[in-house]
>>> print(open('protein-v9.cif').read())   # mmCIF, C-alpha atoms and all ligand atoms
data_entry
#
loop_
_atom_site.label_atom_id
_atom_site.label_comp_id
_atom_site.auth_asym_id
_atom_site.auth_seq_id
_atom_site.Cartn_x
_atom_site.Cartn_y
_atom_site.Cartn_z
CA MET N 1 -3.34 6.66 9.14
CA ASP N 2 -4.07 9.27 6.49
CA LYS N 3 -3.33 8.12 2.98
CA GLU N 4 -3.71 11.58 1.49
CA ILE N 5 -1.37 13.43 3.87
CA SER N 6 1.12 10.61 3.34
CA LYS N 7 0.85 10.95 -0.45
CA LYS N 8 1.45 14.69 -0.18
CA ILE N 9 4.62 14.00 1.82
CA PHE N 10 5.72 11.37 -0.76
CA LEU N 11 5.18 13.82 -3.64
CA LYS N 12 6.95 16.68 -1.89
CA ASN N 13 9.95 14.40 -1.49
CA LYS N 14 9.90 13.12 -5.06
CA ILE N 15 8.67 9.64 -4.17
CA LEU N 16 6.48 8.30 -6.93
CA THR N 17 2.89 7.50 -5.89
CA PRO N 18 -0.17 6.97 -8.11
CA LYS N 19 -1.94 10.18 -9.18
CA TYR N 20 -5.19 10.79 -7.39
CA ILE N 21 -8.29 12.89 -6.92
CA LYS N 22 -9.87 13.55 -3.56
CA TYR N 23 -13.57 12.77 -3.41
CA TYR N 24 -15.92 13.89 -0.66
CA TYR N 25 -18.80 11.46 -0.54
CA ASN N 26 -21.16 13.89 1.18
CA LYS N 27 -20.62 16.57 -1.44
CA LYS N 28 -21.29 14.02 -4.22
CA ASN N 29 -19.13 15.60 -6.85
CA LYS N 30 -21.48 15.56 -9.83
CA ASN N 31 -18.99 15.74 -12.62
CA ILE N 32 -16.70 13.12 -11.14
CA ILE N 33 -16.37 11.17 -14.41
CA SER N 34 -15.10 14.23 -16.29
CA LEU N 35 -12.79 15.12 -13.37
CA ILE N 36 -11.33 11.63 -13.62
CA ASN N 37 -11.05 11.84 -17.39
CA ASN N 38 -9.12 15.10 -17.02
CA LYS N 39 -6.54 13.84 -14.56
CA LEU N 40 -6.56 10.03 -14.59
CA LYS N 41 -7.36 7.13 -16.87
CA PHE N 42 -9.76 4.29 -16.19
CA PRO N 43 -9.45 1.87 -14.49
CA VAL N 44 -9.05 3.71 -11.20
CA VAL N 45 -8.86 2.49 -7.62
CA ILE N 46 -11.15 3.92 -4.97
CA LYS N 47 -10.26 3.65 -1.30
CA PRO N 48 -11.11 5.23 2.03
CA ILE N 49 -8.47 7.63 3.32
CA ASN N 50 -7.94 5.79 6.59
CA GLU N 51 -8.79 2.11 6.30
CA GLY N 52 -6.57 -0.95 5.94
CA SER N 53 -6.60 -4.67 5.03
CA SER N 54 -7.95 -3.69 1.58
CA VAL N 55 -11.35 -3.03 3.19
CA ASN N 56 -13.48 -1.04 0.75
CA VAL N 57 -10.78 -0.85 -1.89
CA TYR N 58 -12.28 -1.30 -5.39
CA ILE N 59 -10.82 -1.29 -8.87
CA CYS N 60 -13.33 0.61 -11.01
CA THR N 61 -14.15 1.03 -14.66
CA LYS N 62 -16.12 3.99 -15.92
CA LYS N 63 -19.17 1.76 -15.90
CA ASN N 64 -19.07 0.57 -12.30
CA LEU N 65 -17.50 3.63 -10.63
CA ILE N 66 -20.65 5.20 -9.21
CA LYS N 67 -21.99 1.87 -7.97
CA ASN N 68 -18.69 1.19 -6.18
CA LEU N 69 -18.44 4.73 -4.79
CA ASN N 70 -21.85 4.21 -3.22
CA LYS N 71 -20.40 1.27 -1.26
CA LEU N 72 -18.11 3.81 0.43
CA SER N 73 -20.95 6.01 1.66
CA ILE N 74 -19.92 5.53 5.31
CA TYR N 75 -16.70 7.42 4.63
CA ASN N 76 -16.55 11.10 3.90
CA GLU N 77 -13.08 11.27 2.42
CA ILE N 78 -12.21 8.95 -0.44
CA LEU N 79 -9.20 8.71 -2.74
CA ILE N 80 -9.68 7.99 -6.41
CA GLU N 81 -6.30 6.78 -7.57
CA GLN N 82 -4.77 5.81 -10.89
CA PHE N 83 -4.75 2.00 -11.17
CA ILE N 84 -1.18 0.77 -11.58
CA PRO N 85 -0.79 -2.68 -13.13
CA GLY N 86 2.30 -4.79 -12.55
CA ARG N 87 3.93 -6.50 -9.61
CA GLU N 88 3.11 -6.05 -5.93
CA ILE N 89 6.17 -5.66 -3.70
CA GLN N 90 6.27 -4.77 -0.02
CA VAL N 91 9.20 -3.78 2.16
CA ALA N 92 9.75 -4.05 5.91
CA ILE N 93 11.80 -1.57 7.94
CA MET N 94 12.85 -2.37 11.52
CA GLY N 95 14.28 0.66 13.30
CA ASN N 96 17.03 1.81 10.98
CA ILE N 97 17.37 -1.57 9.32
CA LYS N 98 16.15 -2.36 5.82
CA LEU N 99 14.80 -5.77 6.74
CA GLY N 100 13.83 -6.89 3.25
CA ALA N 101 11.18 -7.23 0.58
CA ILE N 102 8.51 -9.73 -0.41
CA GLU N 103 6.43 -10.08 -3.57
CA LEU N 104 2.76 -11.07 -3.56
CA LYS N 105 1.07 -12.83 -6.42
CA PRO N 106 -2.63 -13.04 -5.68
CA LYS N 107 -4.77 -15.50 -7.62
CA ARG N 108 -7.61 -13.04 -7.15
CA LYS N 109 -8.14 -9.79 -9.07
CA PHE N 110 -5.87 -7.97 -6.61
CA TYR N 111 -4.40 -8.29 -3.11
CA ASP N 112 -7.80 -7.87 -1.46
CA TYR N 113 -8.99 -8.90 2.01
CA LYS N 114 -9.33 -12.61 1.14
CA ALA N 115 -6.01 -12.69 -0.69
CA LYS N 116 -4.42 -11.23 2.45
CA TYR N 117 -6.03 -13.30 5.19
CA SER N 118 -7.34 -16.56 3.72
CA VAL N 119 -5.02 -19.53 3.13
CA LYS N 120 -7.61 -20.80 0.65
CA ALA N 121 -7.03 -17.77 -1.59
CA LYS N 122 -3.55 -19.23 -2.24
CA THR N 123 -1.72 -15.94 -2.71
CA LYS N 124 1.88 -16.68 -3.61
CA HIS N 125 4.48 -15.14 -1.30
CA ILE N 126 7.82 -14.81 -3.04
CA ILE N 127 10.95 -14.22 -0.98
CA PRO N 128 13.62 -13.33 -1.95
CA VAL N 129 12.13 -11.08 -4.61
CA ASP N 130 13.54 -11.46 -8.09
CA LEU N 131 14.79 -7.92 -8.76
CA GLU N 132 18.00 -6.47 -10.18
CA ARG N 133 20.35 -5.50 -7.37
CA LYS N 134 19.99 -1.81 -8.18
CA LYS N 135 16.21 -1.97 -8.18
CA MET N 136 16.21 -3.87 -4.91
CA GLU N 137 18.44 -1.22 -3.34
CA GLU N 138 16.16 1.49 -4.70
CA VAL N 139 12.98 0.08 -3.16
CA LEU N 140 14.69 -0.64 0.17
CA ASN N 141 16.17 2.87 0.28
CA THR N 142 12.84 4.50 -0.59
CA SER N 143 11.19 2.56 2.23
CA LEU N 144 13.75 3.66 4.82
CA LYS N 145 13.53 7.22 3.54
CA VAL N 146 9.75 7.30 3.85
CA HIS N 147 9.85 5.65 7.28
CA LYS N 148 12.04 8.55 8.43
CA LEU N 149 10.09 11.24 6.55
CA ILE N 150 6.80 10.26 8.15
CA GLY N 151 8.59 10.11 11.51
CA CYS N 152 8.01 6.42 12.18
CA LYS N 153 9.58 4.34 14.92
CA GLY N 154 9.72 0.58 15.33
CA VAL N 155 8.53 -1.55 12.43
CA THR N 156 6.80 -0.32 9.25
CA ARG N 157 5.82 -1.91 5.95
CA SER N 158 5.63 0.02 2.70
CA ASP N 159 3.37 -1.21 -0.13
CA PHE N 160 4.51 -0.70 -3.72
CA LYS N 161 3.37 -1.49 -7.23
CA PHE N 162 6.26 -2.11 -9.65
CA TYR N 163 5.40 -1.26 -13.23
CA LYS N 164 7.63 -0.50 -16.24
CA ASN N 165 10.69 -0.51 -13.99
CA LYS N 166 9.23 2.08 -11.62
CA PHE N 167 8.08 1.70 -8.03
CA TYR N 168 4.83 3.43 -7.05
CA LEU N 169 4.40 3.78 -3.31
CA LEU N 170 0.79 3.11 -2.29
CA GLU N 171 1.17 3.62 1.45
CA ILE N 172 3.33 3.08 4.52
CA ASN N 173 1.78 0.91 7.24
CA THR N 174 2.67 2.10 10.72
CA GLN N 175 1.02 -0.89 12.37
CA PRO N 176 1.77 -3.71 9.95
CA GLY N 177 -0.11 -6.99 10.24
CA MET N 178 1.19 -9.65 12.59
CA THR N 179 -1.03 -12.61 11.62
CA LYS N 180 0.14 -16.00 10.33
CA LEU N 181 -0.04 -14.76 6.73
CA SER N 182 1.39 -11.31 7.44
CA LEU N 183 4.44 -10.06 5.65
CA VAL N 184 6.65 -8.38 8.24
CA PRO N 185 6.92 -11.62 10.28
CA GLU N 186 7.68 -13.54 7.07
CA ILE N 187 10.39 -11.08 6.00
CA ALA N 188 11.84 -11.10 9.52
CA ASN N 189 11.82 -14.89 9.56
CA PHE N 190 13.68 -14.96 6.26
CA ARG N 191 16.33 -12.80 7.93
CA GLY N 192 16.59 -15.26 10.83
CA ILE N 193 14.38 -13.32 13.26
CA ASN N 194 11.59 -15.54 14.53
CA PHE N 195 8.17 -14.23 15.61
CA ALA N 196 8.98 -14.20 19.34
CA ASN N 197 12.20 -12.29 18.73
CA LEU N 198 10.43 -9.82 16.45
CA ILE N 199 7.78 -9.08 19.09
CA GLU N 200 10.43 -8.79 21.81
CA TRP N 201 12.37 -6.31 19.67
CA ILE N 202 9.19 -4.24 19.01
CA LEU N 203 8.33 -4.15 22.73
CA LYS N 204 11.84 -3.18 23.81
CA ASP N 205 12.10 -0.57 21.08
CA ALA N 206 8.71 0.92 22.04
CA SER N 207 9.83 1.12 25.69
CA LYS N 208 12.90 3.20 24.91
CA ASN N 209 13.10 6.76 26.18
CA ARG N 210 13.39 9.01 23.15
N1 LIG B 301 -3.36 2.51 -7.32
C1 LIG B 301 -3.40 1.20 -7.28
N2 LIG B 301 -3.11 0.46 -8.38
C2 LIG B 301 -3.17 -0.89 -8.34
N3 LIG B 301 -3.52 -1.59 -7.25
C3 LIG B 301 -3.83 -0.91 -6.13
C4 LIG B 301 -3.79 0.52 -6.08
N4 LIG B 301 -4.15 0.91 -4.84
C5 LIG B 301 -4.41 -0.22 -4.15
N5 LIG B 301 -4.23 -1.32 -4.91
C6 LIG B 301 -4.42 -2.72 -4.48
O1 LIG B 301 -5.18 -2.73 -3.28
C7 LIG B 301 -4.39 -3.19 -2.17
C8 LIG B 301 -4.72 -2.36 -0.93
O2 LIG B 301 -4.44 -0.99 -1.16
P1 LIG B 301 -3.69 -0.09 -0.11
O3 LIG B 301 -3.61 1.29 -0.67
O4 LIG B 301 -2.39 -0.71 0.29
O5 LIG B 301 -4.71 -0.03 1.11
P2 LIG B 301 -4.83 -0.89 2.48
O6 LIG B 301 -4.51 0.10 3.55
O7 LIG B 301 -6.24 -1.36 2.54
O8 LIG B 301 -3.80 -2.00 2.42
C9 LIG B 301 -2.95 -3.04 -2.63
O9 LIG B 301 -2.10 -3.93 -1.93
C10 LIG B 301 -3.08 -3.36 -4.12
O10 LIG B 301 -3.18 -4.75 -4.36
MG MG B 302 -1.77 -1.81 1.93
#
>>> encode(input="protein-v9.cif", output="structure tokens", more="lines below")
Ligand SMILES: Nc1ncnc2c1ncn2[C@@H]1O[C@H](COP(=O)(O)OP(=O)(O)O)[C@@H](O)[C@H]1O
Ligand SMILES: [Mg+2]
Amino acid sequence: MDKEISKKIFLKNKILTPKYIKYYYNKKNKNIISLINNKLKFPVVIKPINEGSSVNVYICTKKNLIKNLNKLSIYNEILIEQFIPGREIQVAIMGNIKLGAIELKPKRKFYDYKAKYSVKAKTKHIIPVDLERKKMEEVLNTSLKVHKLIGCKGVTRSDFKFYKNKFYLLEINTQPGMTKLSLVPEIANFRGINFANLIEWILKDASKNR
């Protein structure tokens, strides 16, 4: 629900996450390009601090940065993040269980709103993910660790980029999507848990006295 606080917790606990700069739209940081040049490299990704579904996420070059930032004028707090190329891998956690991972291969420029929700966008969902056993363990363990660090209960989904053999955690979703194309239900299904059973588990788990 707050991508920046989450990133601070990731960093404090030595979990790799893309470098970033905080941008306040209302203050219109005038020397933003030089700030970026000092800390990051173009392309960068801009995103609201508390959105989801890739809404208002843009990959920006030096040339189109300001134009894209202006599209985020309704938000005050914006993250400007280092763009990480490479593979997109997401992991589901269910209680204390490392449920599994899935890889997304969008046909579009990135895993944007259409790539997430439109069948026509033909994003490839790859499960099981082709990863060395050690790497698979690493990403599953990081996801469980972060689920606990943030203090999550129930089901979460962590979004990673995998580049040069390193996982970069973008965010942890505390209310992961449950649509037909959503990833937690697909990962659960792969593990033999159908949608009805998944929902039943979530409801029972949420009703527990803790
Ligand atoms: N730093 C980044 N480098 C490369 N791609 C990114 C980066 N940040 C976001 N993306 C792309 O945008 C998508 C949405 O970003 P994310 O931070 O997960 O926000 P949302 O809450 O909207 O899902 C990611 O799944 C990924 O495809
Ligand atoms: Mg995401």
>>> closest_residue(input="protein-v9.cif", among="N:Asn64, N:Ser182, N:Asn197, N:Asn31", to="ligand MG 302 (chain B)", atoms="only C-alpha atoms and all ligand atoms")
N:Ser182
>>> residues_around(input="protein-v9.cif", residues="Lys98 in chain N", least_positions_apart="6", cutoff="9 Å", atoms="all atoms listed in the file", output="number ranges by chain")
N: 91-92, 140-141, 143-144
>>> residues_around(input="protein-v9.cif", residues="range 158-163 of chain N", least_positions_apart="2", cutoff="10 Å", atoms="all atoms listed in the file", output="PyMOL selection string")
chain N and resi 16-18+83-93+101-103+139-140+142-144+146-147+156+165-174+176
>>> write_last_selection(input="protein-v9.cif", atoms="C-alpha atoms", output="PDB file, in the coordinates of the input")
ATOM      1  CA  LEU N  16       6.480   8.300  -6.930  1.00  0.00           C
ATOM      2  CA  THR N  17       2.890   7.500  -5.890  1.00  0.00           C
ATOM      3  CA  PRO N  18      -0.170   6.970  -8.110  1.00  0.00           C
ATOM      4  CA  PHE N  83      -4.750   2.000 -11.170  1.00  0.00           C
ATOM      5  CA  ILE N  84      -1.180   0.770 -11.580  1.00  0.00           C
ATOM      6  CA  PRO N  85      -0.790  -2.680 -13.130  1.00  0.00           C
ATOM      7  CA  GLY N  86       2.300  -4.790 -12.550  1.00  0.00           C
ATOM      8  CA  ARG N  87       3.930  -6.500  -9.610  1.00  0.00           C
ATOM      9  CA  GLU N  88       3.110  -6.050  -5.930  1.00  0.00           C
ATOM     10  CA  ILE N  89       6.170  -5.660  -3.700  1.00  0.00           C
ATOM     11  CA  GLN N  90       6.270  -4.770  -0.020  1.00  0.00           C
ATOM     12  CA  VAL N  91       9.200  -3.780   2.160  1.00  0.00           C
ATOM     13  CA  ALA N  92       9.750  -4.050   5.910  1.00  0.00           C
ATOM     14  CA  ILE N  93      11.800  -1.570   7.940  1.00  0.00           C
ATOM     15  CA  ALA N 101      11.180  -7.230   0.580  1.00  0.00           C
ATOM     16  CA  ILE N 102       8.510  -9.730  -0.410  1.00  0.00           C
ATOM     17  CA  GLU N 103       6.430 -10.080  -3.570  1.00  0.00           C
ATOM     18  CA  VAL N 139      12.980   0.080  -3.160  1.00  0.00           C
ATOM     19  CA  LEU N 140      14.690  -0.640   0.170  1.00  0.00           C
ATOM     20  CA  THR N 142      12.840   4.500  -0.590  1.00  0.00           C
ATOM     21  CA  SER N 143      11.190   2.560   2.230  1.00  0.00           C
ATOM     22  CA  LEU N 144      13.750   3.660   4.820  1.00  0.00           C
ATOM     23  CA  VAL N 146       9.750   7.300   3.850  1.00  0.00           C
ATOM     24  CA  HIS N 147       9.850   5.650   7.280  1.00  0.00           C
ATOM     25  CA  THR N 156       6.800  -0.320   9.250  1.00  0.00           C
ATOM     26  CA  ASN N 165      10.690  -0.510 -13.990  1.00  0.00           C
ATOM     27  CA  LYS N 166       9.230   2.080 -11.620  1.00  0.00           C
ATOM     28  CA  PHE N 167       8.080   1.700  -8.030  1.00  0.00           C
ATOM     29  CA  TYR N 168       4.830   3.430  -7.050  1.00  0.00           C
ATOM     30  CA  LEU N 169       4.400   3.780  -3.310  1.00  0.00           C
ATOM     31  CA  LEU N 170       0.790   3.110  -2.290  1.00  0.00           C
ATOM     32  CA  GLU N 171       1.170   3.620   1.450  1.00  0.00           C
ATOM     33  CA  ILE N 172       3.330   3.080   4.520  1.00  0.00           C
ATOM     34  CA  ASN N 173       1.780   0.910   7.240  1.00  0.00           C
ATOM     35  CA  THR N 174       2.670   2.100  10.720  1.00  0.00           C
ATOM     36  CA  PRO N 176       1.770  -3.710   9.950  1.00  0.00           C
TER      37      PRO N 176
END
>>> residues_around(input="protein-v9.cif", residues="Ile59 in chain N", least_positions_apart="2", cutoff="12 Å", atoms="all atoms listed in the file", output="number ranges by chain")
N: 42-47, 54, 56-57, 61-69, 79-85, 109-112
>>> closest_residue(input="protein-v9.cif", among="N:Gly95, N:Ser53, N:Val119, N:Pro106", to="Gly151 in chain N", atoms="only C-alpha atoms")
N:Gly95
